[in-house]
$ cat model-v2.txt   # compact mmCIF, C-alpha atoms
# COMPACT_ATOMS: atom_id res chain seq x y z
CA MET K 1 133.03 42.48 -22.51
CA VAL K 2 131.16 45.56 -21.41
CA TYR K 3 128.36 45.31 -18.87
CA SER K 4 125.61 47.88 -19.24
CA VAL K 5 122.31 48.57 -17.52
CA ALA K 6 119.83 51.46 -17.58
CA LEU K 7 119.81 53.47 -14.34
CA ASP K 8 116.87 55.64 -15.38
CA SER K 9 115.27 56.82 -18.62
CA GLU K 10 118.32 58.91 -19.55
CA LYS K 11 121.35 57.41 -17.86
CA GLU K 12 123.06 54.11 -18.52
CA LEU K 13 125.88 52.51 -16.52
CA PHE K 14 128.83 50.95 -18.39
CA VAL K 15 131.36 48.74 -16.62
CA VAL K 16 134.49 47.10 -17.98
CA LEU K 17 137.48 45.24 -16.48
CA LEU K 18 140.91 46.36 -17.69
CA LYS K 19 143.97 44.17 -17.11
CA ASN K 20 147.64 45.13 -16.88
CA VAL K 21 147.04 48.85 -16.91
CA LYS K 22 150.42 50.51 -17.21
CA ASN K 23 149.52 54.10 -16.42
CA ILE K 24 147.28 53.86 -13.35
CA PRO K 25 148.96 56.74 -11.44
CA GLU K 26 148.50 58.96 -14.49
CA VAL K 27 144.80 58.20 -15.12
CA ARG K 28 144.08 58.28 -11.42
CA LYS K 29 145.41 61.83 -11.31
CA MET K 30 143.25 62.79 -14.29
CA VAL K 31 140.13 61.34 -12.65
CA ILE K 32 140.81 63.19 -9.38
CA GLY K 33 141.54 66.39 -11.33
CA GLY K 34 138.27 66.01 -13.21
CA SER K 35 139.66 65.76 -16.73
CA ILE K 36 138.24 62.22 -17.10
CA GLN K 37 134.66 61.55 -15.97
CA CYS K 38 134.50 58.03 -14.55
CA CYS K 39 135.25 56.02 -11.44
CA ILE K 40 137.90 53.33 -11.19
CA LEU K 41 137.32 50.53 -8.71
CA LYS K 42 139.50 47.84 -7.17
CA PRO K 43 138.52 44.58 -8.93
CA SER K 44 139.18 42.50 -5.81
CA LEU K 45 136.20 44.06 -3.99
CA ILE K 46 133.62 43.54 -6.73
CA VAL K 47 131.57 40.31 -6.76
CA ASP K 48 129.37 41.08 -9.73
CA PRO K 49 128.35 44.07 -11.89
CA LEU K 50 125.02 44.18 -10.05
CA GLN K 51 126.91 45.33 -6.95
CA ILE K 52 128.06 48.45 -8.83
CA ALA K 53 124.66 48.92 -10.47
CA VAL K 54 122.90 48.99 -7.07
CA ALA K 55 125.40 51.56 -5.75
CA ALA K 56 125.12 53.64 -8.94
CA LYS K 57 121.32 53.55 -8.98
CA LYS K 58 121.34 54.78 -5.41
CA ALA K 59 123.77 57.56 -6.37
CA VAL K 60 121.50 58.69 -9.24
CA LEU K 61 118.47 58.67 -6.93
CA ASN K 62 120.34 60.68 -4.28
CA GLU K 63 121.42 63.17 -6.93
CA GLN K 64 117.82 63.67 -8.09
CA GLN K 65 116.65 64.16 -4.50
CA ASN K 66 119.61 66.39 -3.61
CA LYS K 67 120.71 63.95 -0.94
CA MET K 68 124.23 63.14 -2.10
CA ALA K 69 126.82 62.72 0.64
CA THR K 70 129.72 63.50 -1.69
CA LYS K 71 130.44 66.05 -4.43
CA SER K 72 129.97 64.02 -7.61
CA LEU K 73 128.03 61.06 -8.95
CA TYR K 74 131.24 59.04 -9.25
CA THR K 75 132.50 59.61 -5.73
CA GLU K 76 128.95 58.87 -4.57
CA ILE K 77 129.21 55.40 -6.19
CA LEU K 78 132.45 54.71 -4.28
CA PHE K 79 130.89 55.94 -1.06
CA ASN K 80 127.73 53.83 -1.58
CA LEU K 81 129.80 50.69 -2.22
CA SER K 82 131.39 50.98 1.19
CA LEU K 83 129.65 50.24 4.48
CA SER K 84 131.64 53.01 6.13
CA LYS K 85 130.14 56.46 6.72
CA ASN K 86 133.63 57.91 6.37
CA ILE K 87 133.91 59.35 2.86
CA THR K 88 137.72 59.48 2.63
CA GLN K 89 138.07 55.90 3.87
CA SER K 90 135.42 54.70 1.39
CA LEU K 91 137.13 56.36 -1.57
CA ILE K 92 140.51 54.93 -0.61
CA LYS K 93 139.15 51.44 0.00
CA PHE K 94 137.07 51.01 -3.15
CA GLY K 95 138.96 53.32 -5.48
CA ILE K 96 142.01 52.14 -7.38
CA SER K 97 145.45 52.79 -5.88
CA ASP K 98 148.65 53.59 -7.77
CA THR K 99 150.13 50.13 -7.18
CA ASP K 100 147.15 48.24 -8.66
CA LYS K 101 147.53 46.57 -12.05
CA ASN K 102 143.88 45.78 -12.85
CA ALA K 103 140.99 48.20 -12.81
CA VAL K 104 137.20 48.21 -13.07
CA VAL K 105 136.14 51.31 -14.98
CA CYS K 106 132.58 52.65 -14.60
CA VAL K 107 131.04 55.34 -16.75
CA ILE K 108 127.52 56.77 -16.55
CA GLY K 109 126.33 58.24 -19.81
CA LYS K 110 123.92 58.15 -22.71
CA ASN K 111 125.80 55.67 -24.89
CA GLU K 112 128.87 53.47 -25.12
CA GLU K 113 130.84 56.16 -26.95
CA GLU K 114 131.31 57.96 -23.66
CA LEU K 115 132.95 54.83 -22.27
CA GLU K 116 135.19 54.55 -25.35
CA LYS K 117 136.31 58.13 -24.84
CA VAL K 118 137.32 57.39 -21.25
CA LEU K 119 139.05 54.12 -22.18
CA SER K 120 141.25 55.87 -24.73
CA HIS K 121 143.30 57.26 -21.81
CA PHE K 122 144.24 53.81 -20.50
CA GLN K 123 147.33 51.88 -21.61
CA CYS K 124 146.40 48.25 -21.02
CA ASP K 125 145.75 44.83 -22.52
CA LYS K 126 142.84 44.71 -24.93
CA PRO K 127 139.68 43.75 -22.99
CA SER K 128 139.14 40.09 -23.86
CA GLY K 129 136.76 37.26 -23.04
CA ASP K 130 133.71 37.70 -20.89
CA GLN K 131 135.54 38.03 -17.59
CA LEU K 132 134.28 41.07 -15.75
CA PHE K 133 135.73 40.71 -12.29
CA LEU K 134 138.51 39.31 -10.16
CA PRO K 135 136.84 39.02 -6.75
CA ASP K 136 138.80 38.18 -3.62
CA ASN K 137 136.05 36.51 -1.61
CA SER K 138 137.77 36.57 1.75
CA LEU K 139 138.58 40.28 1.36
CA ILE K 140 134.96 40.96 0.36
CA LYS K 141 133.62 39.05 3.37
CA LYS K 142 135.88 41.02 5.66
CA GLU K 143 134.95 44.35 4.12
CA TYR K 144 131.21 43.68 4.29
CA LYS K 145 131.34 41.85 7.64
CA ILE K 146 129.93 38.58 6.28
CA THR K 147 130.50 35.44 8.34
CA GLY K 148 130.35 31.73 7.56
CA VAL K 149 126.90 31.23 9.04
CA GLU K 150 125.57 33.78 6.53
CA THR K 151 127.23 32.34 3.42
CA GLU K 152 125.78 28.91 4.27
CA VAL K 153 122.30 30.12 3.32
CA SER K 154 122.79 33.36 1.32
CA SER K 155 124.78 34.09 -1.81
CA LEU K 156 127.74 36.43 -1.38
CA LEU K 157 126.24 38.78 -3.98
CA GLY K 158 122.88 38.85 -2.17
CA SER K 159 124.55 39.67 1.14
CA VAL K 160 126.70 42.43 -0.37
CA VAL K 161 123.90 44.04 -2.39
CA SER K 162 121.47 44.05 0.56
CA ARG K 163 124.02 45.81 2.75
CA ILE K 164 124.64 48.49 0.11
CA ALA K 165 120.90 49.08 -0.33
CA ALA K 166 120.29 49.38 3.42
CA LYS K 167 123.53 51.15 4.35
CA ASP K 168 121.83 54.34 5.58
CA PHE K 169 119.89 52.64 8.36
CA VAL K 170 121.59 49.36 9.18
CA SER K 171 124.71 49.01 11.23
CA LEU K 172 126.24 45.59 11.69
CA MET B 1 101.85 43.92 -12.22
CA LEU B 2 99.95 43.99 -8.92
CA LEU B 3 100.44 40.75 -6.97
CA LYS B 4 98.85 41.54 -3.66
CA GLN B 5 97.26 44.33 -1.73
CA GLY B 6 97.36 44.32 2.03
CA ALA B 7 96.34 46.77 4.71
CA GLU B 8 99.75 48.46 4.69
CA ALA B 9 101.20 48.05 1.24
CA LYS B 10 100.78 47.06 -2.38
CA ILE B 11 103.07 44.36 -3.76
CA TYR B 12 104.04 44.53 -7.42
CA LYS B 13 106.22 42.34 -9.57
CA SER B 14 108.64 44.37 -11.64
CA GLU B 15 112.28 44.66 -12.69
CA TYR B 16 115.19 46.38 -10.93
CA LEU B 17 118.45 46.81 -12.85
CA GLY B 18 117.57 43.83 -15.01
CA CYS B 19 116.60 41.53 -12.14
CA PRO B 20 113.05 40.34 -11.51
CA CYS B 21 111.94 42.08 -8.35
CA ILE B 22 109.15 42.68 -5.88
CA VAL B 23 108.16 46.27 -5.21
CA LYS B 24 106.57 46.88 -1.85
CA GLU B 25 104.87 50.24 -1.83
CA ARG B 26 103.43 51.51 1.42
CA PHE B 27 100.60 53.74 0.32
CA VAL B 28 99.54 57.00 1.94
CA LYS B 29 96.93 56.60 4.63
CA LYS B 30 94.65 59.56 4.22
CA TYR B 31 93.11 59.27 7.67
CA ARG B 32 96.46 60.00 9.28
CA HIS B 33 98.04 63.40 9.68
CA PRO B 34 100.34 63.70 6.62
CA GLU B 35 103.48 64.34 8.63
CA LEU B 36 102.81 61.52 11.05
CA ASP B 37 101.96 59.20 8.15
CA SER B 38 105.20 59.95 6.33
CA HIS B 39 107.23 59.57 9.52
CA LEU B 40 105.63 56.23 10.45
CA THR B 41 106.03 54.89 6.93
CA LYS B 42 109.73 55.79 6.80
CA GLU B 43 110.36 54.17 10.17
CA ARG B 44 108.53 50.99 9.06
CA ILE B 45 110.55 50.82 5.84
CA LYS B 46 113.80 51.22 7.76
CA ALA B 47 112.77 48.57 10.30
CA GLU B 48 111.91 46.14 7.51
CA CYS B 49 115.29 46.66 5.78
CA ARG B 50 117.13 46.33 9.07
CA ALA B 51 115.42 43.02 9.85
CA ILE B 52 116.13 41.64 6.36
CA VAL B 53 119.85 42.43 6.59
CA ARG B 54 120.24 41.44 10.25
CA CYS B 55 118.53 38.11 9.54
CA LYS B 56 121.01 37.44 6.75
CA ALA B 57 123.89 38.18 9.10
CA ALA B 58 122.39 35.75 11.61
CA GLY B 59 122.27 32.97 9.01
CA ILE B 60 118.65 33.17 7.86
CA ARG B 61 117.81 33.35 4.18
CA THR B 62 115.74 36.45 3.32
CA PRO B 63 115.09 38.18 -0.02
CA THR B 64 118.01 40.25 -1.36
CA LEU B 65 117.40 43.95 -0.90
CA TYR B 66 118.03 45.88 -4.15
CA GLY B 67 117.02 49.40 -3.25
CA VAL B 68 115.01 51.68 -1.04
CA ASP B 69 113.22 54.88 -2.10
CA LEU B 70 111.89 56.64 0.96
CA ALA B 71 110.37 59.45 -1.14
CA LYS B 72 108.34 56.93 -3.16
CA ARG B 73 107.72 54.80 -0.04
CA CYS B 74 109.07 51.74 -1.87
CA ILE B 75 111.34 48.82 -1.14
CA TYR B 76 112.72 46.86 -4.11
CA MET B 77 113.73 43.29 -3.36
CA GLU B 78 114.49 39.94 -4.94
CA TYR B 79 111.60 38.08 -6.54
CA ILE B 80 111.93 34.48 -5.35
CA GLU B 81 111.26 32.23 -8.33
CA ASN B 82 109.50 28.85 -8.11
CA ALA B 83 108.62 29.30 -4.46
CA LYS B 84 105.82 27.63 -2.55
CA THR B 85 104.60 28.85 0.79
CA LEU B 86 104.88 26.55 3.78
CA LYS B 87 101.10 26.86 3.96
CA GLU B 88 100.65 25.35 0.49
CA CYS B 89 103.11 22.56 1.22
CA ILE B 90 101.46 21.52 4.45
CA SER B 91 97.96 21.55 3.00
CA ASN B 92 99.13 19.55 0.00
CA ALA B 93 100.68 17.00 2.31
CA VAL B 94 97.62 16.84 4.54
CA ASN B 95 95.19 16.52 1.65
CA ASN B 96 97.47 14.00 0.01
CA THR B 97 96.82 15.47 -3.39
CA GLU B 98 100.47 15.56 -4.32
CA HIS B 99 101.75 12.65 -2.28
CA ALA B 100 99.49 9.73 -3.00
CA ASP B 101 101.73 7.40 -1.04
CA GLY B 102 100.53 9.11 2.12
CA ASN B 103 104.09 9.69 3.22
CA LYS B 104 104.23 12.91 5.21
CA ASP B 105 107.58 12.23 6.81
CA PHE B 106 109.25 15.02 4.84
CA ILE B 107 107.39 17.69 6.81
CA GLY B 108 109.29 16.84 10.01
CA PRO B 109 112.80 17.74 8.80
CA ILE B 110 111.49 20.97 7.24
CA LEU B 111 109.88 22.04 10.50
CA GLU B 112 113.04 21.15 12.36
CA ARG B 113 115.08 23.47 10.13
CA ILE B 114 112.46 26.20 10.53
CA GLY B 115 112.84 25.85 14.30
CA VAL B 116 116.60 26.36 13.98
CA PHE B 117 116.11 29.52 11.88
CA ILE B 118 113.61 31.02 14.31
CA GLY B 119 116.05 30.21 17.11
CA ARG B 120 118.74 32.16 15.27
CA MET B 121 116.35 35.05 14.65
CA HIS B 122 115.33 35.34 18.29
CA SER B 123 118.83 34.90 19.67
CA SER B 124 119.73 37.96 17.53
CA ASN B 125 116.73 39.76 19.06
CA ILE B 126 114.87 40.04 15.79
CA ILE B 127 111.09 39.73 16.18
CA HIS B 128 109.39 38.81 12.91
CA GLY B 129 106.01 40.20 13.94
CA ASP B 130 103.86 38.16 11.54
CA LEU B 131 105.28 34.67 11.53
CA THR B 132 102.59 32.81 9.59
CA THR B 133 102.95 29.84 7.25
CA SER B 134 102.37 32.20 4.29
CA ASN B 135 105.50 34.14 5.19
CA ILE B 136 107.83 31.16 4.97
CA LEU B 137 108.78 30.19 1.42
CA LEU B 138 110.23 26.89 0.23
CA VAL B 139 112.24 26.50 -2.98
CA GLY B 140 113.39 23.16 -4.34
CA ASP B 141 112.75 19.49 -3.64
CA LEU B 142 110.81 19.17 -0.38
CA ARG B 143 112.59 15.92 0.45
CA SER B 144 116.09 17.24 -0.18
CA GLU B 145 118.53 18.76 2.25
CA ASP B 146 119.15 21.45 -0.35
CA LEU B 147 115.61 22.76 0.06
CA GLN B 148 115.84 26.51 0.60
CA ILE B 149 113.78 28.03 3.40
CA ILE B 150 113.22 31.77 3.00
CA PHE B 151 111.57 34.09 5.49
CA ILE B 152 109.64 37.02 3.99
CA ASP B 153 107.52 40.04 4.97
CA PHE B 154 109.33 41.75 7.80
CA GLY B 155 106.88 44.64 7.58
CA LEU B 156 105.88 44.27 11.23
CA SER B 157 109.28 43.32 12.55
CA SER B 158 111.14 44.95 15.40
CA ALA B 159 114.35 44.62 17.33
CA ASP B 160 113.52 43.52 20.84
CA GLU B 161 114.91 41.39 23.61
CA SER B 162 111.56 40.70 25.19
CA ALA B 163 110.60 37.08 25.72
CA GLU B 164 106.99 38.17 25.44
CA ASP B 165 107.31 39.27 21.78
CA LYS B 166 109.29 36.14 20.94
CA GLY B 167 106.62 34.01 22.57
CA VAL B 168 103.95 35.75 20.47
CA ASP B 169 105.99 35.04 17.30
CA LEU B 170 105.96 31.33 18.18
CA TYR B 171 102.28 31.41 19.15
CA VAL B 172 101.26 32.96 15.83
CA LEU B 173 103.16 30.23 13.95
CA GLU B 174 101.72 27.50 16.15
CA ARG B 175 98.16 28.67 15.49
CA ALA B 176 98.89 28.91 11.77
CA ILE B 177 100.28 25.38 11.61
CA ILE B 178 97.93 23.52 13.91
CA SER B 179 94.55 25.17 13.48
CA ALA B 180 94.68 25.82 9.75
CA HIS B 181 95.97 22.41 8.86
CA THR B 182 94.40 20.17 11.51
CA LEU B 183 97.78 18.66 12.22
CA LYS B 184 98.55 16.90 15.44
CA GLU B 185 99.87 19.17 18.15
CA ASN B 186 103.13 17.27 18.50
CA VAL B 187 104.08 18.55 15.05
CA PHE B 188 104.78 21.97 16.54
CA ASN B 189 106.95 20.36 19.19
CA VAL B 190 109.42 19.47 16.44
CA ILE B 191 109.89 23.21 15.85
CA LEU B 192 110.12 24.03 19.55
CA LYS B 193 112.73 21.33 20.18
CA ALA B 194 114.99 22.58 17.39
CA TYR B 195 114.34 26.16 18.49
CA ALA B 196 115.43 25.46 22.07
CA LYS B 197 118.53 23.64 20.90
CA GLU B 198 119.59 26.57 18.70
CA TYR B 199 118.63 29.32 21.16
CA LYS B 200 120.16 27.93 24.32
CA LYS B 201 120.32 31.04 26.44
CA GLY B 202 116.84 32.51 26.21
CA SER B 203 114.52 29.80 24.95
CA SER B 204 113.32 28.52 28.33
CA GLU B 205 111.97 31.94 29.24
CA VAL B 206 110.37 32.32 25.80
CA LEU B 207 108.72 28.90 26.08
CA ARG B 208 107.33 29.87 29.48
CA LYS B 209 105.91 33.03 27.89
CA LEU B 210 104.48 30.91 25.07
CA ASP B 211 102.48 28.94 27.64
CA GLU B 212 101.20 32.19 29.06
CA VAL B 213 100.23 33.48 25.64
CA ARG B 214 98.50 30.19 24.82
CA SER B 215 96.28 30.52 27.88
CA ARG B 216 95.25 34.10 27.18
CA GLY B 217 95.60 34.60 23.40
CA ARG B 218 97.89 36.84 21.41
CA LYS B 219 96.85 40.18 22.89
CA ARG B 220 97.98 41.13 26.32
CA LEU B 221 95.25 41.76 28.88
CA MET B 222 94.92 45.45 29.48
CA VAL B 223 94.28 45.91 33.16
CA GLY B 224 94.88 49.10 35.08
$ encode --input "model-v2.txt" --output "structure tokens"
Amino acid sequence: MVYSVALDSEKELFVVLLKNVKNIPEVRKMVIGGSIQCCILKPSLIVDPLQIAVAAKKAVLNEQQNKMATKSLYTEILFNLSLSKNITQSLIKFGISDTDKNAVVCVIGKNEEELEKVLSHFQCDKPSGDQLFLPDNSLIKKEYKITGVETEVSSLLGSVVSRIAAKDFVSL
Amino acid sequence: MLLKQGAEAKIYKSEYLGCPCIVKERFVKKYRHPELDSHLTKERIKAECRAIVRCKAAGIRTPTLYGVDLAKRCIYMEYIENAKTLKECISNAVNNTEHADGNKDFIGPILERIGVFIGRMHSSNIIHGDLTTSNILLVGDLRSEDLQIIFIDFGLSSADESAEDKGVDLYVLERAIISAHTLKENVFNVILKAYAKEYKKGSSEVLRKLDEVRSRGRKRLMVG
């Protein structure tokens, strides 16, 4: 299943979960080298597609206002997802690493064909079912500094999304 | 769709990334110097976001923040569905329109939980700034423990340790509950008791300040 949402009148975000990817080091190199336009996230740190959408929307807005902290829209998404102001750390933490088997692939474009083009580089199981994510809740709580007293009254997604939206002026 | 217009901002209902949302737009105040106006507005927006997130971290339910656009002077946040304000609930209970059995016992436990939340807020040094019964939302069955209590409108909030500001927060809520609803004064004591229990370290000083504020009103006397 592909998740998609409009980020503005021209750009749409597409997100898909790929399982058992066999050539992660290879595609990772291509993404870093710029021959594939997308970002690949660690599935364990993603609660819900909305989390990525909020970070991507913020990236698009920063691009329009010339306020990006990083060099491209895709690295900006990775940076926005993290609470850290350290760019390198953010990219390492939220980006896929060579030893990962599963991957969340995000593409910003005009239509789903652009996603298909990116996906053609991946050797993996056929995307099946409606599963989009494989969250590791305790890892997510640690990464976003969320404690038990907070999850008693707020949803994990609400806590994560609010922190991403307010990252620039809130430190916890 | 415009929901509300206040002195500081317009509130719209809209959609953000497919989710129903509230847009809070702080409009330009023409009587201010443009640079000062833009600076003040940005600082207010940041303070509001900070309070929303810090309240969550302290264990208080607030609307989810979806996005902030400083250039457009807008905050986008969760639209809370099927919510009633505390104000509506208390007046319904008092007027007995909804509860013909005359049983108002359910108000007590709600106020007790509100006291706990305000205790958490103040022990984290978050001042709400406009703690009225319209800014506390209730979602769900009023008699159930699962009733959600959500604090909204942190537009006047600040981060402050002062017992004075905390006392004013409590005073504003007390006036809102007692005067507007002609409830007995001991009703507010339910809140204060839970508040003191939750906020062990600083509540006695705040309650002393509350007494002071009660005797002189919300505004501090300006002498000298």
$ residues_around --input "model-v2.txt" --residues "region 112-123 of chain B" --least-positions-apart "5" --cutoff "7 Å" --atoms "only C-alpha atoms" --output "PyMOL selection string"
chain B and resi 55+58+60+166+190-192+194-196+198-199
$ interface_residues --input "model-v2.txt" --of "chain K" --to "chain B" --cutoff "8 Å" --atoms "only C-alpha atoms" --output "list in words"
Val5, Ala6, Leu7, Leu50, Ala53, Val54, Lys58, Ile146, Thr147, Val149, Glu150, Thr151, Glu152, Val153, Ser154, Gly158, Ser159, Val161, Ser162, Arg163, Ala165, Ala166, Phe169, Val170 and Leu172 of chain K
$ closest_residue --input "model-v2.txt" --among "K:Lys126, K:Lys117, K:Lys93, K:Lys57" --to "Pro43 (chain K)" --atoms "only C-alpha atoms"
K:Lys93
$ residues_around --input "model-v2.txt" --residues "Glu143 (chain K)" --least-positions-apart "6" --cutoff "10 Å" --atoms "only C-alpha atoms" --output "list in words"
Leu45, Ser82, Leu83, Ser84, Lys93, Asn137 and Val160 of chain K
$ atom_distance --input "model-v2.txt" --atom1 "CA of Gly217 (chain B)" --atom2 "CA of Glu88 (chain B)"
25.2 Å
$ atom_distance --input "model-v2.txt" --atom1 "CA of Leu81 (chain K)" --atom2 "CA of Ala55 (chain K)"
5.7 Å
$ decode --input "model-v2.txt" --residues "region 1-27 of chain K" --atoms "C-alpha atoms" --output "short mmCIF file (atom, residue, chain, number, x, y, z; two decimals), in the first residue's frame"
data_model
loop_
_atom_site.label_atom_id
_atom_site.label_comp_id
_atom_site.auth_asym_id
_atom_site.auth_seq_id
_atom_site.Cartn_x
_atom_site.Cartn_y
_atom_site.Cartn_z
CA MET K 1 0.00 0.00 0.00
CA VAL K 2 1.22 3.46 -0.89
CA TYR K 3 0.41 6.41 1.35
CA SER K 4 0.08 9.73 -0.42
CA VAL K 5 -0.82 13.26 0.60
CA ALA K 6 -0.64 16.66 -1.12
CA LEU K 7 2.06 18.92 0.35
CA ASP K 8 1.05 21.93 -1.75
CA SER K 9 -0.70 22.59 -5.05
CA GLU K 10 2.14 21.00 -7.05
CA LYS K 11 3.91 18.50 -4.82
CA GLU K 12 2.65 15.22 -3.45
CA LEU K 13 4.36 12.95 -0.91
CA PHE K 14 4.44 9.18 -1.55
CA VAL K 15 5.47 6.73 1.16
CA VAL K 16 5.85 2.97 0.98
CA LEU K 17 7.28 0.25 3.26
CA LEU K 18 9.63 -2.25 1.60
CA LYS K 19 10.48 -5.53 3.32
CA ASN K 20 13.53 -7.76 2.93
CA VAL K 21 15.45 -5.36 0.75
CA LYS K 22 18.52 -7.21 -0.49
CA ASN K 23 20.53 -4.34 -1.93
CA ILE K 24 20.32 -1.62 0.72
CA PRO K 25 24.06 -0.70 0.59
CA GLU K 26 23.77 -0.30 -3.18
CA VAL K 27 20.64 1.91 -3.22
#
